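For reference, upload_35.cif is printed below; it contains mmCIF, C-alpha atoms.
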```
data_run
#
loop_
_atom_site.label_atom_id
_atom_site.label_comp_id
_atom_site.auth_asym_id
_atom_site.auth_seq_id
_atom_site.Cartn_x
_atom_site.Cartn_y
_atom_site.Cartn_z
CA MET A 1 -0.29 0.38 -37.92
CA LEU A 2 -2.40 -2.21 -39.69
CA ARG A 3 -1.45 -5.85 -39.30
CA ILE A 4 -3.23 -9.01 -40.39
CA CYS A 5 -3.05 -12.65 -39.40
CA HIS A 6 -4.52 -14.93 -42.06
CA ALA A 7 -5.06 -18.60 -41.24
CA VAL A 8 -6.20 -21.41 -43.53
CA PRO A 9 -6.53 -25.03 -42.31
CA GLY A 10 -3.56 -27.15 -43.25
CA GLN A 11 -1.34 -24.14 -43.95
CA GLU A 12 0.92 -21.94 -41.88
CA LYS A 13 -0.50 -18.65 -40.67
CA VAL A 14 0.42 -15.65 -42.80
CA PHE A 15 1.23 -12.30 -41.18
CA THR A 16 1.19 -9.07 -43.19
CA GLU A 17 1.26 -5.35 -42.42
CA ASN A 18 -0.39 -2.26 -43.92
CA VAL A 19 -2.15 -4.22 -46.67
CA LEU A 20 -5.85 -5.07 -46.65
CA PRO A 21 -6.94 -8.65 -47.46
CA ASP A 22 -7.33 -9.28 -51.19
CA HIS A 23 -10.90 -10.48 -50.57
CA TRP A 24 -13.51 -9.72 -47.93
CA PRO A 25 -15.32 -11.25 -46.16
CA PRO A 26 -13.07 -14.28 -45.73
CA ALA A 27 -14.09 -17.68 -47.03
CA ARG A 28 -15.78 -20.12 -44.64
CA ASP A 29 -12.62 -22.13 -43.99
CA GLU A 30 -10.47 -19.03 -43.35
CA GLN A 31 -9.80 -17.19 -40.09
CA ILE A 32 -8.55 -13.58 -40.17
CA TRP A 33 -7.50 -11.24 -37.39
CA ILE A 34 -7.06 -7.59 -38.38
CA ASP A 35 -5.47 -5.34 -35.76
CA ILE A 36 -5.71 -1.56 -36.28
CA GLY A 37 -3.74 0.72 -34.01
CA ALA A 38 -2.20 4.19 -33.85
CA ILE A 39 -3.07 5.41 -37.34
CA ASP A 40 -4.72 8.54 -38.70
CA ASN A 41 -8.48 8.72 -38.07
CA GLU A 42 -9.38 9.28 -41.71
CA GLN A 43 -7.17 6.43 -42.86
CA GLU A 44 -8.68 4.24 -40.17
CA ARG A 45 -12.17 5.23 -41.29
CA GLN A 46 -11.42 4.24 -44.89
CA ILE A 47 -10.07 0.88 -43.75
CA LEU A 48 -13.15 0.12 -41.66
CA LEU A 49 -15.50 1.16 -44.45
CA ALA A 50 -13.57 -1.05 -46.88
CA LEU A 51 -14.14 -3.95 -44.47
CA GLY A 52 -17.89 -3.41 -44.67
CA ILE A 53 -18.39 -1.62 -41.36
CA GLU A 54 -21.36 0.78 -41.38
CA PRO A 55 -20.54 4.52 -41.18
CA LEU A 56 -22.47 4.95 -37.90
CA MET A 57 -20.56 2.05 -36.39
CA VAL A 58 -17.28 3.60 -37.53
CA GLU A 59 -18.26 6.79 -35.69
CA ASP A 60 -18.93 4.79 -32.52
CA ILE A 61 -15.58 3.03 -32.85
CA GLN A 62 -13.68 6.30 -33.28
CA HIS A 63 -15.56 8.23 -30.59
CA PRO A 64 -12.95 8.82 -27.83
CA ARG A 65 -15.39 8.91 -24.89
CA LYS A 66 -17.85 6.20 -25.84
CA PRO A 67 -18.71 3.99 -22.83
CA PRO A 68 -18.21 0.21 -22.99
CA LYS A 69 -21.04 -1.45 -24.90
CA LEU A 70 -22.25 -4.64 -26.58
CA GLU A 71 -24.12 -4.64 -29.89
CA TYR A 72 -25.21 -7.43 -32.20
CA HIS A 73 -25.15 -6.97 -35.98
CA ASP A 74 -25.94 -9.31 -38.85
CA ASP A 75 -22.35 -10.33 -39.55
CA TYR A 76 -20.54 -9.57 -36.32
CA THR A 77 -20.75 -8.69 -32.64
CA PHE A 78 -19.41 -5.29 -31.61
CA ILE A 79 -17.83 -4.95 -28.15
CA LEU A 80 -16.18 -1.84 -26.78
CA LEU A 81 -14.01 -2.12 -23.65
CA ARG A 82 -11.66 0.11 -21.71
CA GLY A 83 -8.27 -1.35 -20.93
CA MET A 84 -5.15 0.03 -19.31
CA ASP A 85 -2.69 2.09 -21.30
CA GLN A 86 0.74 0.58 -21.83
CA GLU A 87 2.40 2.91 -19.30
CA SER A 88 -0.34 2.93 -16.63
CA THR A 89 0.52 2.52 -12.94
CA SER A 90 -1.51 2.67 -9.72
CA GLN A 91 -0.28 6.25 -9.27
CA ASN A 92 -1.01 7.31 -12.85
CA LEU A 93 -3.82 5.28 -14.39
CA LYS A 94 -4.69 5.89 -18.03
CA THR A 95 -7.37 3.92 -19.82
CA LEU A 96 -7.40 2.90 -23.46
CA GLN A 97 -10.46 2.31 -25.63
CA ILE A 98 -10.34 -1.08 -27.38
CA SER A 99 -12.97 -2.11 -29.94
CA PHE A 100 -13.76 -5.66 -31.06
CA LEU A 101 -15.73 -6.71 -34.12
CA ILE A 102 -16.17 -10.47 -33.85
CA GLY A 103 -17.51 -12.46 -36.78
CA ASP A 104 -17.82 -16.20 -37.34
CA ASN A 105 -14.37 -16.36 -38.91
CA PHE A 106 -12.86 -12.91 -38.45
CA LEU A 107 -11.79 -10.57 -35.68
CA ILE A 108 -11.10 -6.85 -36.02
CA THR A 109 -9.47 -5.07 -33.08
CA ARG A 110 -8.99 -1.33 -32.93
CA HIS A 111 -7.04 0.77 -30.39
CA GLN A 112 -5.43 4.19 -30.76
CA GLY A 113 -2.68 3.67 -28.19
CA ARG A 114 -0.43 0.72 -27.43
CA SER A 115 -2.25 -2.17 -25.78
CA ARG A 116 -0.17 -4.74 -23.94
CA SER A 117 -3.12 -7.15 -23.89
CA VAL A 118 -3.47 -7.06 -27.68
CA GLU A 119 0.30 -7.26 -28.20
CA GLU A 120 0.69 -10.29 -25.92
CA SER A 121 -2.18 -12.04 -27.69
CA TRP A 122 -0.66 -11.25 -31.10
CA GLN A 123 2.67 -12.73 -30.04
CA GLU A 124 0.86 -15.76 -28.67
CA VAL A 125 -0.93 -16.30 -32.00
CA MET A 126 2.36 -15.94 -33.88
CA ALA A 127 4.06 -18.53 -31.68
CA ALA A 128 1.14 -20.98 -31.42
CA GLN A 129 0.90 -24.00 -33.68
CA SER A 130 -2.85 -24.29 -33.10
CA PRO A 131 -5.24 -22.75 -35.66
CA LEU A 132 -6.51 -19.21 -35.23
CA GLN A 133 -10.03 -18.91 -33.81
CA ALA A 134 -11.45 -15.38 -33.95
CA ALA A 135 -13.89 -15.64 -31.02
CA ASP A 136 -11.41 -17.45 -28.76
CA THR A 137 -8.70 -14.89 -29.54
CA ALA A 138 -11.09 -12.04 -28.70
CA ARG A 139 -11.97 -13.64 -25.36
CA ARG A 140 -8.31 -14.14 -24.49
CA ILE A 141 -7.60 -10.46 -25.19
CA MET A 142 -10.56 -9.45 -23.03
CA GLN A 143 -9.36 -11.69 -20.22
CA ARG A 144 -5.93 -10.09 -20.38
CA ILE A 145 -7.50 -6.62 -20.37
CA GLN A 146 -9.21 -7.43 -17.09
CA ASP A 147 -6.28 -9.31 -15.58
CA ARG A 148 -4.03 -6.27 -16.08
CA TYR A 149 -6.14 -4.25 -13.66
CA VAL A 150 -5.59 -6.68 -10.76
CA PRO A 151 -1.89 -5.93 -9.95
CA MET A 152 -2.61 -2.20 -10.14
CA LEU A 153 -5.47 -2.57 -7.67
CA MET A 154 -3.31 -4.71 -5.37
CA ASP A 155 -0.63 -1.98 -5.37
CA LEU A 156 -3.32 0.54 -4.54
CA GLU A 157 -4.51 -1.62 -1.64
CA ASN A 158 -0.99 -1.69 -0.18
CA ARG A 159 -0.67 2.07 -0.56
CA LEU A 160 -4.03 2.69 1.12
CA GLY A 161 -2.85 0.58 4.06
CA GLU A 162 0.24 2.78 4.35
CA VAL A 163 -1.86 5.94 4.12
CA GLU A 164 -4.12 4.66 6.90
CA GLU A 165 -1.12 4.25 9.22
CA GLU A 166 0.29 7.65 8.25
CA LEU A 167 -3.04 9.33 8.97
CA VAL A 168 -2.97 8.06 12.54
CA GLU A 169 0.66 9.04 13.10
CA ASN A 170 0.96 12.28 11.15
CA ALA A 171 -2.04 13.48 9.16
CA ASN A 172 -1.23 16.24 6.69
CA ASP A 173 -2.72 17.96 3.66
CA GLU A 174 -0.53 15.96 1.23
CA LEU A 175 -2.22 12.74 2.33
CA LEU A 176 -5.65 14.28 1.86
CA SER A 177 -4.67 15.47 -1.63
CA GLU A 178 -3.44 11.94 -2.45
CA LEU A 179 -6.71 10.44 -1.21
CA VAL A 180 -8.76 12.87 -3.31
CA GLY A 181 -6.76 11.79 -6.38
CA TYR A 182 -7.38 8.11 -5.63
CA LYS A 183 -11.08 8.78 -5.12
CA THR A 184 -11.36 10.46 -8.52
CA ARG A 185 -9.57 7.60 -10.31
CA LEU A 186 -11.58 4.95 -8.46
CA ARG A 187 -14.83 6.69 -9.32
CA ARG A 188 -13.94 6.49 -13.01
CA LEU A 189 -12.86 2.87 -12.68
CA ARG A 190 -16.03 1.97 -10.84
CA ARG A 191 -18.09 3.42 -13.68
CA THR A 192 -16.00 1.53 -16.27
CA PHE A 193 -16.18 -1.77 -14.38
CA ASN A 194 -19.90 -1.38 -13.91
CA TYR A 195 -20.26 -1.16 -17.70
CA HIS A 196 -17.95 -4.18 -18.12
CA GLU A 197 -19.85 -6.27 -15.60
CA ARG A 198 -23.21 -5.61 -17.23
CA LEU A 199 -21.72 -6.15 -20.70
CA PHE A 200 -20.19 -9.54 -19.87
CA SER A 201 -23.29 -10.61 -17.95
CA GLN A 202 -25.47 -9.93 -20.99
CA TRP A 203 -23.00 -11.54 -23.41
CA LYS A 204 -22.69 -14.62 -21.19
CA GLU A 205 -26.47 -15.03 -21.01
CA ASP A 206 -26.85 -14.65 -24.77
CA VAL A 207 -24.06 -17.12 -25.60
CA GLU A 208 -25.28 -19.72 -23.11
CA GLU A 209 -28.86 -19.35 -24.32
CA GLU A 210 -27.67 -20.00 -27.87
CA LEU A 211 -25.50 -22.97 -26.82
CA GLY A 212 -28.05 -24.37 -24.39
CA GLU A 213 -25.35 -25.00 -21.78
CA PRO A 214 -22.89 -23.04 -19.59
CA ASP A 215 -19.84 -21.61 -21.35
CA ARG A 216 -16.71 -21.77 -19.22
CA ALA A 217 -14.84 -18.99 -21.04
CA MET A 218 -17.78 -16.61 -20.77
CA THR A 219 -18.23 -17.45 -17.09
CA ARG A 220 -14.57 -16.66 -16.47
CA LEU A 221 -14.88 -13.29 -18.23
CA TYR A 222 -17.97 -12.37 -16.23
CA GLU A 223 -16.45 -13.46 -12.91
CA ALA A 224 -13.33 -11.38 -13.61
CA ALA A 225 -15.49 -8.33 -14.34
CA GLU A 226 -17.55 -8.96 -11.21
CA ARG A 227 -14.41 -9.25 -9.08
CA LEU A 228 -12.98 -5.99 -10.44
CA GLN A 229 -16.24 -4.19 -9.77
CA SER A 230 -16.28 -5.56 -6.22
CA LEU A 231 -12.66 -4.59 -5.56
CA VAL A 232 -12.93 -1.07 -6.91
CA SER A 233 -16.15 -0.47 -4.95
CA LEU A 234 -14.41 -1.69 -1.79
CA TYR A 235 -11.40 0.58 -2.36
CA TYR A 236 -13.64 3.53 -3.22
CA ASP A 237 -15.45 3.13 0.10
CA TRP A 238 -12.10 2.68 1.87
CA VAL A 239 -10.75 5.92 0.42
CA GLY A 240 -13.97 7.65 1.46
CA ASP A 241 -13.56 6.32 5.02
CA LEU A 242 -9.93 7.48 5.12
CA SER A 243 -10.91 10.94 3.89
CA ASP A 244 -13.65 11.15 6.51
CA GLY A 245 -11.18 9.93 9.13
CA TYR A 246 -8.70 12.64 8.15
CA ILE A 247 -11.38 15.31 8.42
CA SER A 248 -12.49 13.92 11.80
CA LEU A 249 -8.91 13.95 13.11
CA ALA A 250 -8.37 17.48 11.83
CA SER A 251 -11.63 18.62 13.44
CA HIS A 252 -10.68 16.92 16.71
CA ARG A 253 -7.29 18.65 16.76
CA LEU A 254 -8.92 21.97 15.93
CA ASN A 255 -11.44 21.47 18.74
CA ASN A 256 -8.62 20.80 21.19
CA ILE A 257 -6.82 23.95 20.07
CA MET A 258 -10.00 26.01 20.39
CA LYS A 259 -10.63 24.50 23.82
CA VAL A 260 -7.19 25.58 25.04
CA LEU A 261 -7.63 29.05 23.58
CA THR A 262 -11.08 29.35 25.17
CA VAL A 263 -9.73 28.34 28.58
CA ILE A 264 -6.91 30.88 28.29
CA THR A 265 -9.40 33.57 27.28
CA ALA A 266 -11.76 32.66 30.13
CA ILE A 267 -8.91 32.94 32.65
CA PHE A 268 -7.67 36.28 31.38
CA VAL A 269 -11.09 37.96 31.19
CA PRO A 270 -11.41 38.55 34.99
CA LEU A 271 -7.71 39.29 35.24
CA SER A 272 -7.99 41.88 32.48
CA PHE A 273 -10.99 43.38 34.26
CA LEU A 274 -9.06 43.82 37.50
CA ALA A 275 -6.02 45.19 35.68
CA GLY A 276 -8.23 47.62 33.78
CA LEU A 277 -10.15 48.64 36.89
CA TYR A 278 -7.08 49.59 38.87
CA GLY A 279 -5.33 51.01 35.84
CA MET A 280 -7.84 53.84 35.46
CA ASN A 281 -6.45 57.34 35.96
CA PHE A 282 -8.84 58.54 38.68
CA ASP A 283 -7.58 60.34 41.79
CA ASN A 284 -10.17 58.91 44.17
CA ILE A 285 -9.45 55.17 44.11
CA PRO A 286 -8.81 54.34 47.81
CA GLU A 287 -7.05 51.04 47.14
CA LEU A 288 -4.35 52.78 45.13
CA HIS A 289 -2.94 54.28 48.33
CA PHE A 290 -2.89 50.97 50.20
CA ARG A 291 0.72 50.04 50.89
CA TYR A 292 0.33 46.37 49.98
CA GLY A 293 -2.41 46.83 47.34
CA TYR A 294 -0.22 45.70 44.43
CA PHE A 295 0.69 42.44 46.11
CA VAL A 296 -2.87 41.82 47.27
CA LEU A 297 -4.14 42.34 43.71
CA LEU A 298 -1.53 39.91 42.33
CA LEU A 299 -2.58 37.38 44.98
CA VAL A 300 -6.26 37.82 44.11
CA MET A 301 -5.55 37.48 40.38
CA THR A 302 -3.47 34.34 40.99
CA GLY A 303 -6.26 32.90 43.11
CA ILE A 304 -8.85 33.60 40.43
CA ALA A 305 -6.67 31.94 37.76
CA ALA A 306 -6.03 28.91 39.99
CA ALA A 307 -9.74 28.60 40.85
CA LEU A 308 -10.74 28.73 37.19
CA LEU A 309 -8.10 26.15 36.25
CA TRP A 310 -9.40 23.85 39.03
CA LEU A 311 -12.98 24.35 37.86
CA PHE A 312 -12.11 23.63 34.23
CA ARG A 313 -10.14 20.50 35.15
CA LYS A 314 -12.93 19.26 37.43
CA SER A 315 -15.39 19.77 34.55
CA ARG A 316 -12.94 17.89 32.26
CA TRP A 317 -12.68 20.78 29.88
CA ILE A 318 -8.89 20.47 29.94
#
```
Before anything else, please render the file you have as structure tokens.
Amino acid sequence: MLRICHAVPGQEKVFTENVLPDHWPPARDEQIWIDIGAIDNEQERQILLALGIEPLMVEDIQHPRKPPKLEYHDDYTFILLRGMDQESTSQNLKTLQISFLIGDNFLITRHQGRSRSVEESWQEVMAAQSPLQAADTARRIMQRIQDRYVPMLMDLENRLGEVEEELVENANDELLSELVGYKTRLRRLRRTFNYHERLFSQWKEDVEEELGEPDRAMTRLYEAAERLQSLVSLYYDWVGDLSDGYISLASHRLNNIMKVLTVITAIFVPLSFLAGLYGMNFDNIPELHFRYGYFVLLLVMTGIAAALLWLFRKSRWI
């Protein structure tokens, strides 16, 4: 889908679909937002080339695993972010690559899947009476991209609290498997947010250096990225602690089981020796002819077992 918002001062905004602007670049007094999403790669490539985007830049935009980045070009600033897919949840997080090409009076956004952040911003522009501003629109989309992560992370925090209680009450392999899944997703998020934090930090410094004063919108973007990086690092460490706690509990339970088995083995070793000694088929074993030998042997074996149990308990082995 290709859709365009064309704004000229003093006139109503014009919205069109699947048709490129009749002239490019836009005139100084015009503002244009072109949103490209969910179309064939070759068709998308032709559209970007027609808009004057360099072939190497088109390759970067279409590369599915390109990390977030910031690049300055003569006519525009290129920013690549990773947002949440439309259907993402804390249990099933999917990221979506979103590209921004921000010029003085134009904005090009590109995403292969559905982006709620872009869609909400598009609806906002359609409903707003204020004029379209490319850079401001881009920053609002980026803010929404970051804000969408927060509820998901809050849900994850609640779930980790529940897992922590369940580990104490009834640790099982399903909980460990769940924790491993969270750790994998958080590792990926931490890498993404690290890129975002560095990207917005650099962009903020560059914009404020050009303006000669602090920029509130840029500060807000950077602080949001910094908060996400801090949260995901905290949760990653928390998941690691829970995994270590599970392993420690499992090892403790295994040690207790082995301790009991060792005590039982230690008790039965002398008893097995006595049973084996008097179970040998030799004729000349004097005790075998003793009238009360069986009962004496049982008494001796019971005494040995009791003495060993007392010794183990005194040594706090059981």
| field | Nearby residues (only C-alpha atoms) at most 12 Å from stretch 306-309 of chain A, same-chain spacing under 3 positions excluded, as a ChimeraX atom specification | value | /A:260,262-271,299-303,312-318
(request) Give me the result of the PyMOL selection byres ((chain A and resi 184) around 12) on this file, residue by residue, as number ranges by chain. (result) A: 91-93, 177-183, 185-191, 232, 235-236, 239-240
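The point (-4.5, -8.6, -16.4) has these residues within 12 Å of it when all atoms listed in the file are used: Gly83, Met84, Asp85, Gln86, Ser115, Arg116, Ser117, Val118, Glu120, Arg140, Ile141, Met142, Gln143, Arg144, Ile145, Gln146, Asp147, Arg148, Tyr149, Val150, Pro151, Met152, Leu153, Met154, Leu221, Ala224, Ala225 and Leu228 of chain A.
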Among A:Asn284, A:His111, A:Asp136, A:Leu274, A:Ala38 is approached most closely, using only C-alpha atoms, by A:His111
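Of the listed residues A:Glu162, A:Glu197, A:Asp104, A:Asp237, the one whose atoms come nearest to A:Thr77 is A:Asp104, with distances taken using all atoms listed in the file.
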Residues within 12 Å of (-10.1, -26.0, -36.6), file coords, only C-alpha atoms, listed as a PyMOL selection string: chain A and resi 7-11+28-31+105+129-134+136
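Minimum atom-to-atom distances from A:Ile34, A:Ile39, A:Leu211, A:Leu156 to A:Leu101 were compared using all atoms listed in the file, and the lowest value belongs to A:Ile34.
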One decimal place gives the atom CA of A:Pro68-atom CA of A:Phe200 separation as 10.4 Å
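Between atom CA of A:Ile61 and atom CA of A:Leu2 the separation is 15.7 Å.
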